[in-house]
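Asks: Can you read through this structure? Questions will come right after.
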Amino acid sequence: MTLPALAISNLSKSFDRKVVNDLELTVRAGEFYALLGPNGAGKTTILRMVAGLLQPDAGDISIFGIDARKDPIAAKRIVAWVSDEPMVYDRLTPLEYLEFVAGLWQIDARTAEAKANELIDWLGLRPHANELCGGFSKGMLQKVALAGALVHDPRLIILDEPLTGLDAGSARQVKDVLLGKVRDGVTVIMTTHILEVAERMAERIGVIAHGRLIAEGTLAELRTRLGKESSLEDIFLDLVAEGTEAA
Ligand SMILES: Nc1ncnc2c1ncn2[C@@H]1O[C@H](COP(=O)(O)OP(=O)(O)OP(=O)(O)O)[C@@H](O)[C@H]1O
């Protein structure tokens with residue numbers, strides 16, 4: 001049996017209140033999974049724990065069978081995390097940044113250069129490859145950060161609202177890169193508030209409310225559950241209202 005890309009069980013995290021609530025979530029290897037949920041539902045908190053940036057209060061996180069809490073370094077080697085607030089060094093060009101990141105992963109210089117150039121072309125950054133990132137727009141920084149996250153050929157790519165602030169052309173480039181990765185067998189988990197993106201790109205959709213998974217499935221399965229032929233927007237709003245009542 002193929003190991004799931006991500007298996008979360010009993011995951012909990014509190015700040016001033018319980019934000020992630022005994023969460024159970026499994027993402028299959030090779031799928032494109034969209035995580036939806038209202039503002040404050042806990043999506044970023046969940047993904048930050050998966051990426052090893054935040055310590056859970058309780059629960060287990062397994063990434064392709066690796067216990068991410070016991071062996072965070074092994075988990076990080078196969079995971080990419082792309083935050084919605086890109087952190088890129090202002091004084092480096094995209095090419096220099098990508099080569100720097102490749103160095104952190106101990107990728108040899110020739111492979112790093114080839115990889116950096118491939119990513120620069122994929123994401124349409126070639127015209128700016130030798131300009132300092134300090135002068136870039138948020139959208140361009142987001143693409144550089146995405147390129148940086150892909151340098152070490154991760155098996156699982158986790159993205160927090162990667163399309164926010166991107167113009168139509170850049171959004172298309174990012175979507176194409178992600179779909180290309182999924183075609184190559186990589187698993188992608190992405191949060192988005194753009195329901196049309198989830199509808200078009202994701203194989204399965206998970207809906208989070210109050211730190212729990214309140215519904216999951218293909219769009220067709222979610223429609224069946226609610227017994228109506230509605231848009232994802234209608235389904236989403238109904239599910240969240242249901243989840244809020246239950247909470
Ligand atoms: N470091 C923190 N300290 C205190 N509270 C936090 C912290 N991080 C998140 N929270 C709180 O946890 C809750 C869930 O936040 P989170 O960012 O996970 O939600 P989200 O589903 O990603 O929301 P959005 O869609 O708005 O990005 C929010 O109420 C937020 O204020």
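Ordered as shown in the structure tokens, chains take letters A, B, and onward, while each chain numbers its residues from 1 and ligands are numbered from 1 in the order shown.
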Within 9 Å of ligand 1, which residues show up when you count only C-alpha atoms and all ligand atoms? List them as number ranges by chain, please.

Replies: A: 13-20, 36-48, 54, 84, 160-161, 191-193, 208-211

Asks: Put those residues in a file: N, CA and C atoms, as an mmCIF file, in the first residue's frame.

Replies:
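File part-v5.cif, as written:
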```cif
data_model
loop_
_atom_site.group_PDB
_atom_site.id
_atom_site.type_symbol
_atom_site.label_atom_id
_atom_site.label_comp_id
_atom_site.auth_asym_id
_atom_site.auth_seq_id
_atom_site.Cartn_x
_atom_site.Cartn_y
_atom_site.Cartn_z
ATOM 1 N N LYS A 13 -3.856 22.444 18.853
ATOM 2 C CA LYS A 13 -3.028 23.604 19.176
ATOM 3 C C LYS A 13 -3.916 24.699 19.747
ATOM 4 N N SER A 14 -3.498 25.232 20.889
ATOM 5 C CA SER A 14 -4.239 26.350 21.480
ATOM 6 C C SER A 14 -3.335 27.573 21.543
ATOM 7 N N PHE A 15 -3.920 28.718 21.332
ATOM 8 C CA PHE A 15 -3.267 29.986 21.692
ATOM 9 C C PHE A 15 -4.074 30.506 22.879
ATOM 10 N N ASP A 16 -4.837 31.582 22.703
ATOM 11 C CA ASP A 16 -5.715 31.973 23.811
ATOM 12 C C ASP A 16 -6.983 31.126 23.819
ATOM 13 N N ARG A 17 -7.199 30.389 22.709
ATOM 14 C CA ARG A 17 -8.314 29.433 22.632
ATOM 15 C C ARG A 17 -7.830 28.270 21.783
ATOM 16 N N LYS A 18 -8.657 27.206 21.691
ATOM 17 C CA LYS A 18 -8.249 26.044 20.908
ATOM 18 C C LYS A 18 -8.448 26.358 19.423
ATOM 19 N N VAL A 19 -7.355 26.387 18.687
ATOM 20 C CA VAL A 19 -7.416 26.803 17.284
ATOM 21 C C VAL A 19 -7.432 25.574 16.371
ATOM 22 N N VAL A 20 -6.724 24.511 16.762
ATOM 23 C CA VAL A 20 -6.758 23.239 16.024
ATOM 24 C C VAL A 20 -7.230 22.193 17.025
ATOM 25 N N LEU A 36 -9.861 24.572 2.347
ATOM 26 C CA LEU A 36 -10.678 25.788 2.405
ATOM 27 C C LEU A 36 -11.147 26.001 3.836
ATOM 28 N N GLY A 37 -11.564 27.210 4.111
ATOM 29 C CA GLY A 37 -12.113 27.482 5.435
ATOM 30 C C GLY A 37 -12.206 28.968 5.641
ATOM 31 N N PRO A 38 -13.120 29.408 6.490
ATOM 32 C CA PRO A 38 -13.259 30.847 6.721
ATOM 33 C C PRO A 38 -12.016 31.424 7.402
ATOM 34 N N ASN A 39 -11.899 32.732 7.428
ATOM 35 C CA ASN A 39 -10.790 33.397 8.114
ATOM 36 C C ASN A 39 -10.751 32.933 9.566
ATOM 37 N N GLY A 40 -9.540 32.612 10.021
ATOM 38 C CA GLY A 40 -9.378 32.231 11.428
ATOM 39 C C GLY A 40 -9.738 30.789 11.728
ATOM 40 N N ALA A 41 -10.021 29.984 10.682
ATOM 41 C CA ALA A 41 -10.446 28.589 10.898
ATOM 42 C C ALA A 41 -9.310 27.705 11.417
ATOM 43 N N GLY A 42 -8.067 28.139 11.199
ATOM 44 C CA GLY A 42 -6.930 27.363 11.684
ATOM 45 C C GLY A 42 -6.065 26.762 10.575
ATOM 46 N N LYS A 43 -6.328 27.107 9.339
ATOM 47 C CA LYS A 43 -5.610 26.502 8.201
ATOM 48 C C LYS A 43 -4.102 26.752 8.270
ATOM 49 N N THR A 44 -3.727 28.021 8.443
ATOM 50 C CA THR A 44 -2.294 28.345 8.474
ATOM 51 C C THR A 44 -1.632 27.676 9.669
ATOM 52 N N THR A 45 -2.308 27.667 10.789
ATOM 53 C CA THR A 45 -1.748 27.043 11.998
ATOM 54 C C THR A 45 -1.487 25.554 11.738
ATOM 55 N N ILE A 46 -2.424 24.881 11.095
ATOM 56 C CA ILE A 46 -2.252 23.448 10.783
ATOM 57 C C ILE A 46 -1.020 23.267 9.896
ATOM 58 N N LEU A 47 -0.957 24.060 8.837
ATOM 59 C CA LEU A 47 0.127 23.862 7.875
ATOM 60 C C LEU A 47 1.483 24.249 8.460
ATOM 61 N N ARG A 48 1.500 25.243 9.350
ATOM 62 C CA ARG A 48 2.773 25.612 9.987
ATOM 63 C C ARG A 48 3.269 24.476 10.888
ATOM 64 N N LEU A 54 5.891 25.286 13.891
ATOM 65 C CA LEU A 54 5.109 25.524 15.102
ATOM 66 C C LEU A 54 4.936 24.190 15.812
ATOM 67 N N ASP A 84 2.334 32.772 2.845
ATOM 68 C CA ASP A 84 1.697 33.873 2.114
ATOM 69 C C ASP A 84 2.451 35.186 2.329
ATOM 70 N N ASP A 160 0.454 28.344 1.296
ATOM 71 C CA ASP A 160 -0.592 29.106 1.979
ATOM 72 C C ASP A 160 -0.986 30.263 1.070
ATOM 73 N N GLU A 161 -2.149 30.179 0.506
ATOM 74 C CA GLU A 161 -2.681 31.220 -0.388
ATOM 75 C C GLU A 161 -1.652 31.728 -1.396
ATOM 76 N N THR A 191 -3.873 26.147 0.574
ATOM 77 C CA THR A 191 -5.055 26.851 1.082
ATOM 78 C C THR A 191 -5.408 27.917 0.064
ATOM 79 N N THR A 192 -6.669 28.187 -0.072
ATOM 80 C CA THR A 192 -7.076 29.281 -0.948
ATOM 81 C C THR A 192 -8.437 29.795 -0.536
ATOM 82 N N HIS A 193 -8.635 31.086 -0.779
ATOM 83 C CA HIS A 193 -9.980 31.657 -0.615
ATOM 84 C C HIS A 193 -10.625 31.826 -1.988
ATOM 85 N N ILE A 208 -12.175 23.267 6.478
ATOM 86 C CA ILE A 208 -11.832 23.398 7.900
ATOM 87 C C ILE A 208 -12.710 24.474 8.536
ATOM 88 N N ALA A 209 -13.262 24.177 9.683
ATOM 89 C CA ALA A 209 -13.954 25.212 10.481
ATOM 90 C C ALA A 209 -13.676 24.897 11.939
ATOM 91 N N HIS A 210 -13.352 25.936 12.698
ATOM 92 C CA HIS A 210 -13.057 25.783 14.132
ATOM 93 C C HIS A 210 -12.004 24.691 14.373
ATOM 94 N N GLY A 211 -11.000 24.667 13.511
ATOM 95 C CA GLY A 211 -9.880 23.751 13.719
ATOM 96 C C GLY A 211 -10.167 22.291 13.477
#
```

Asks: Using only C-alpha atoms, what does the table of region 154-193 of chain A residues within 12 Å of region 65-76 of chain A look like, with each row giving the shortest atom pair and its distance in Å to one decimal, sorted by chain and ascending number, as CSV?

Replies:
```
residue,atom,partner,partner_atom,distance
A:Pro154,CA,A:Lys76,CA,8.7
A:Arg155,CA,A:Ala75,CA,10.1
A:Leu156,CA,A:Lys76,CA,9.7
A:Ile157,CA,A:Lys76,CA,10.7
A:Ile158,CA,A:Lys76,CA,11.4
```

Asks: Pull the strand (DSSP E) assignments for region 34-190 of chain A out of DSSP run on the backbone, and list those residues as a list in words.

Replies: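 Listing strand (DSSP E) positions across region 34-190 of chain A yields Ala34, Leu35, Leu36, Ala58, Gly59, Asp60, Ile61, Ser62, Ile63, Ile66, Asp67, Val79, Ala80, Trp81, Val82, Leu156, Ile157, Ile158, Leu159, Asp160, Thr187, Val188, Ile189 and Met190 of chain A.
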
Asks: For the selection you just gave me, I'd like the residues written to a file as a PDB file, in the first residue's frame, keeping N, CA and C atoms.

Replies:
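Writing done, so here's selection.pdb:
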```
ATOM      1  N   ALA A  34      -6.938  20.847  -1.880  1.00  0.00           N
ATOM      2  CA  ALA A  34      -7.183  22.247  -1.486  1.00  0.00           C
ATOM      3  C   ALA A  34      -7.825  22.288  -0.112  1.00  0.00           C
ATOM      4  N   LEU A  35      -7.284  23.161   0.726  1.00  0.00           N
ATOM      5  CA  LEU A  35      -7.814  23.329   2.076  1.00  0.00           C
ATOM      6  C   LEU A  35      -8.555  24.660   2.114  1.00  0.00           C
ATOM      7  N   LEU A  36      -9.861  24.572   2.347  1.00  0.00           N
ATOM      8  CA  LEU A  36     -10.678  25.788   2.405  1.00  0.00           C
ATOM      9  C   LEU A  36     -11.147  26.001   3.836  1.00  0.00           C
ATOM     10  N   ALA A  58      -0.506  18.589  20.919  1.00  0.00           N
ATOM     11  CA  ALA A  58      -0.695  17.129  20.936  1.00  0.00           C
ATOM     12  C   ALA A  58      -0.948  16.652  19.520  1.00  0.00           C
ATOM     13  N   GLY A  59      -0.756  15.351  19.314  1.00  0.00           N
ATOM     14  CA  GLY A  59      -1.100  14.757  18.023  1.00  0.00           C
ATOM     15  C   GLY A  59       0.101  14.271  17.240  1.00  0.00           C
ATOM     16  N   ASP A  60      -0.194  13.628  16.122  1.00  0.00           N
ATOM     17  CA  ASP A  60       0.852  13.050  15.277  1.00  0.00           C
ATOM     18  C   ASP A  60       0.765  13.612  13.869  1.00  0.00           C
ATOM     19  N   ILE A  61       1.962  13.785  13.275  1.00  0.00           N
ATOM     20  CA  ILE A  61       2.044  14.227  11.882  1.00  0.00           C
ATOM     21  C   ILE A  61       3.016  13.298  11.179  1.00  0.00           C
ATOM     22  N   SER A  62       2.522  12.587  10.178  1.00  0.00           N
ATOM     23  CA  SER A  62       3.401  11.678   9.448  1.00  0.00           C
ATOM     24  C   SER A  62       3.447  12.116   7.988  1.00  0.00           C
ATOM     25  N   ILE A  63       4.674  12.269   7.467  1.00  0.00           N
ATOM     26  CA  ILE A  63       4.847  12.713   6.085  1.00  0.00           C
ATOM     27  C   ILE A  63       5.557  11.595   5.332  1.00  0.00           C
ATOM     28  N   ILE A  66       7.244   9.395   7.586  1.00  0.00           N
ATOM     29  CA  ILE A  66       8.225   9.959   8.530  1.00  0.00           C
ATOM     30  C   ILE A  66       7.470  10.688   9.640  1.00  0.00           C
ATOM     31  N   ASP A  67       7.812  10.392  10.878  1.00  0.00           N
ATOM     32  CA  ASP A  67       7.192  11.072  12.009  1.00  0.00           C
ATOM     33  C   ASP A  67       7.813  12.475  12.102  1.00  0.00           C
ATOM     34  N   VAL A  79       9.754  18.192   2.187  1.00  0.00           N
ATOM     35  CA  VAL A  79       8.611  19.115   2.194  1.00  0.00           C
ATOM     36  C   VAL A  79       9.050  20.506   1.747  1.00  0.00           C
ATOM     37  N   ALA A  80       8.174  21.182   1.011  1.00  0.00           N
ATOM     38  CA  ALA A  80       8.390  22.602   0.724  1.00  0.00           C
ATOM     39  C   ALA A  80       7.270  23.385   1.365  1.00  0.00           C
ATOM     40  N   TRP A  81       7.604  24.502   1.966  1.00  0.00           N
ATOM     41  CA  TRP A  81       6.606  25.364   2.600  1.00  0.00           C
ATOM     42  C   TRP A  81       6.670  26.735   1.930  1.00  0.00           C
ATOM     43  N   VAL A  82       5.552  27.181   1.402  1.00  0.00           N
ATOM     44  CA  VAL A  82       5.504  28.507   0.784  1.00  0.00           C
ATOM     45  C   VAL A  82       4.466  29.326   1.539  1.00  0.00           C
ATOM     46  N   LEU A 156       6.392  16.801  -1.215  1.00  0.00           N
ATOM     47  CA  LEU A 156       5.140  17.412  -0.759  1.00  0.00           C
ATOM     48  C   LEU A 156       5.327  18.929  -0.737  1.00  0.00           C
ATOM     49  N   ILE A 157       4.473  19.629  -1.479  1.00  0.00           N
ATOM     50  CA  ILE A 157       4.556  21.098  -1.519  1.00  0.00           C
ATOM     51  C   ILE A 157       3.327  21.654  -0.812  1.00  0.00           C
ATOM     52  N   ILE A 158       3.571  22.502   0.189  1.00  0.00           N
ATOM     53  CA  ILE A 158       2.476  23.076   0.963  1.00  0.00           C
ATOM     54  C   ILE A 158       2.488  24.585   0.735  1.00  0.00           C
ATOM     55  N   LEU A 159       1.364  25.109   0.289  1.00  0.00           N
ATOM     56  CA  LEU A 159       1.326  26.535  -0.030  1.00  0.00           C
ATOM     57  C   LEU A 159       0.150  27.214   0.657  1.00  0.00           C
ATOM     58  N   ASP A 160       0.454  28.344   1.296  1.00  0.00           N
ATOM     59  CA  ASP A 160      -0.592  29.106   1.979  1.00  0.00           C
ATOM     60  C   ASP A 160      -0.986  30.263   1.070  1.00  0.00           C
ATOM     61  N   THR A 187       2.988  15.757  -4.461  1.00  0.00           N
ATOM     62  CA  THR A 187       1.727  16.055  -3.786  1.00  0.00           C
ATOM     63  C   THR A 187       1.682  17.547  -3.469  1.00  0.00           C
ATOM     64  N   VAL A 188       0.534  18.175  -3.719  1.00  0.00           N
ATOM     65  CA  VAL A 188       0.394  19.606  -3.426  1.00  0.00           C
ATOM     66  C   VAL A 188      -0.795  19.817  -2.490  1.00  0.00           C
ATOM     67  N   ILE A 189      -0.549  20.555  -1.414  1.00  0.00           N
ATOM     68  CA  ILE A 189      -1.628  20.966  -0.505  1.00  0.00           C
ATOM     69  C   ILE A 189      -1.635  22.489  -0.497  1.00  0.00           C
ATOM     70  N   MET A 190      -2.780  23.056  -0.758  1.00  0.00           N
ATOM     71  CA  MET A 190      -2.824  24.504  -0.898  1.00  0.00           C
ATOM     72  C   MET A 190      -4.054  25.079  -0.201  1.00  0.00           C
TER      73      MET A 190
END
```

Asks: Would you mind writing down, as a PyMOL selection string, each residue of region 32-216 of chain A that DSSP on the backbone assigns to helix (DSSP H, G or I)?

Replies: chain A and resi 43-50+72-77+94-104+109-122+126-128+133-135+138-150+168-183+195-201

Asks: As a PyMOL selection string, please: the residues near His152 (chain A) (cut-off 12 Å, only C-alpha atoms, same-chain neighbours under 2 positions excluded).

Replies: chain A and resi 76-81+98-108+111-112+115-116+119+146-150+154-157

Asks: Please provide as an MDAnalysis selection string all residues within 8 Å of Arg28 (chain A), with the sequence filter that same-chain residues fewer than 6 positions apart are discarded (counting only C-alpha atoms).

Replies: chainID A and resid 3:6 187

Asks: For Ser83 (chain A), which of A:Ala145, A:Phe32, A:Ile8, A:Pro56 is the closest residue, counting only C-alpha atoms?

Replies: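 When distances to Ser83 (chain A) are compared using only C-alpha atoms, the smallest one comes from A:Ala145.
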
Asks: Mind giving me the straight-line distance from CA of Phe236 (chain A) to CA of Val50 (chain A) in Å, one decimal?

Replies: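 One can read the CA of Phe236 (chain A) to CA of Val50 (chain A) distance as 24.1 Å.
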
Asks: Work out how far CA of Ala171 (chain A) is from CA of Gly139 (chain A), in Å to one decimal.

Replies: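 Value for the CA of Gly139 (chain A)-CA of Ala171 (chain A) distance: 8.9 Å.
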
Asks: Rounded to one decimal in Å, what is the spacing between CA of Leu178 (chain A) and CA of Met49 (chain A)?

Replies: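 Interatomic distance, CA of Leu178 (chain A) to CA of Met49 (chain A): 21.9 Å.
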
Asks: Env of region 215-231 of chain A: 9 Å cut, atoms = only C-alpha atoms, seq-sep filter 4 positions within chain, self excluded. Answer as number ranges by chain.

Replies: A: 199, 202-208, 235-236, 238-239, 243

Asks: Take the selection from the previous step and output its residues with C-alpha atoms, as a compact mmCIF listing (two decimals), in the first residue's frame.

Replies:
```txt
# COMPACT_ATOMS: atom_id res chain seq x y z
CA GLU A 199 -12.87 23.88 -8.02
CA ALA A 202 -7.93 20.30 -6.73
CA GLU A 203 -8.70 16.60 -6.89
CA ARG A 204 -10.06 16.73 -3.35
CA ILE A 205 -11.17 19.58 -1.18
CA GLY A 206 -11.07 19.69 2.61
CA VAL A 207 -13.14 22.24 4.52
CA ILE A 208 -11.83 23.40 7.90
CA ILE A 235 -21.54 24.27 -0.90
CA PHE A 236 -18.78 25.96 1.07
CA ASP A 238 -23.59 25.71 3.66
CA LEU A 239 -20.85 23.50 5.10
CA GLY A 243 -19.85 23.41 11.06
```

Asks: From the list A:Ala129, A:Ile120, A:Val151, A:Gln142, which residue is nearest Met87 (chain A) when using only C-alpha atoms?

Replies: A:Gln142

Asks: May I ask which of the residues A:Gln173, A:Thr93, A:Thr164, A:Asn117 is the closest one to Gly134 (chain A), counting only C-alpha atoms?

Replies: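 When distances to Gly134 (chain A) are compared using only C-alpha atoms, the smallest one comes from A:Thr93.
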
Asks: Identify, on the basis of only C-alpha atoms, every residue whose closest approach to Asn10 (chain A) does not exceed 6 Å; exclude the query and any residue fewer than 3 positions from it along the same chain; express the result as a VMD selection string.

Replies: chain A and resid 22 to 24 59

Asks: The selected residues should be written to file as a PDB file, in the first residue's frame (atoms: N, CA and C atoms).

Replies:
```
ATOM      1  N   ASP A  22      -8.241  18.442  17.757  1.00  0.00           N
ATOM      2  CA  ASP A  22      -8.233  16.992  17.509  1.00  0.00           C
ATOM      3  C   ASP A  22      -8.393  16.666  16.023  1.00  0.00           C
ATOM      4  N   LEU A  23      -7.592  17.329  15.223  1.00  0.00           N
ATOM      5  CA  LEU A  23      -7.744  17.222  13.754  1.00  0.00           C
ATOM      6  C   LEU A  23      -7.270  15.870  13.218  1.00  0.00           C
ATOM      7  N   GLU A  24      -8.087  15.313  12.333  1.00  0.00           N
ATOM      8  CA  GLU A  24      -7.719  14.110  11.582  1.00  0.00           C
ATOM      9  C   GLU A  24      -7.737  14.508  10.107  1.00  0.00           C
ATOM     10  N   GLY A  59      -0.756  15.351  19.314  1.00  0.00           N
ATOM     11  CA  GLY A  59      -1.100  14.757  18.023  1.00  0.00           C
ATOM     12  C   GLY A  59       0.101  14.271  17.240  1.00  0.00           C
TER      13      GLY A  59
END
```
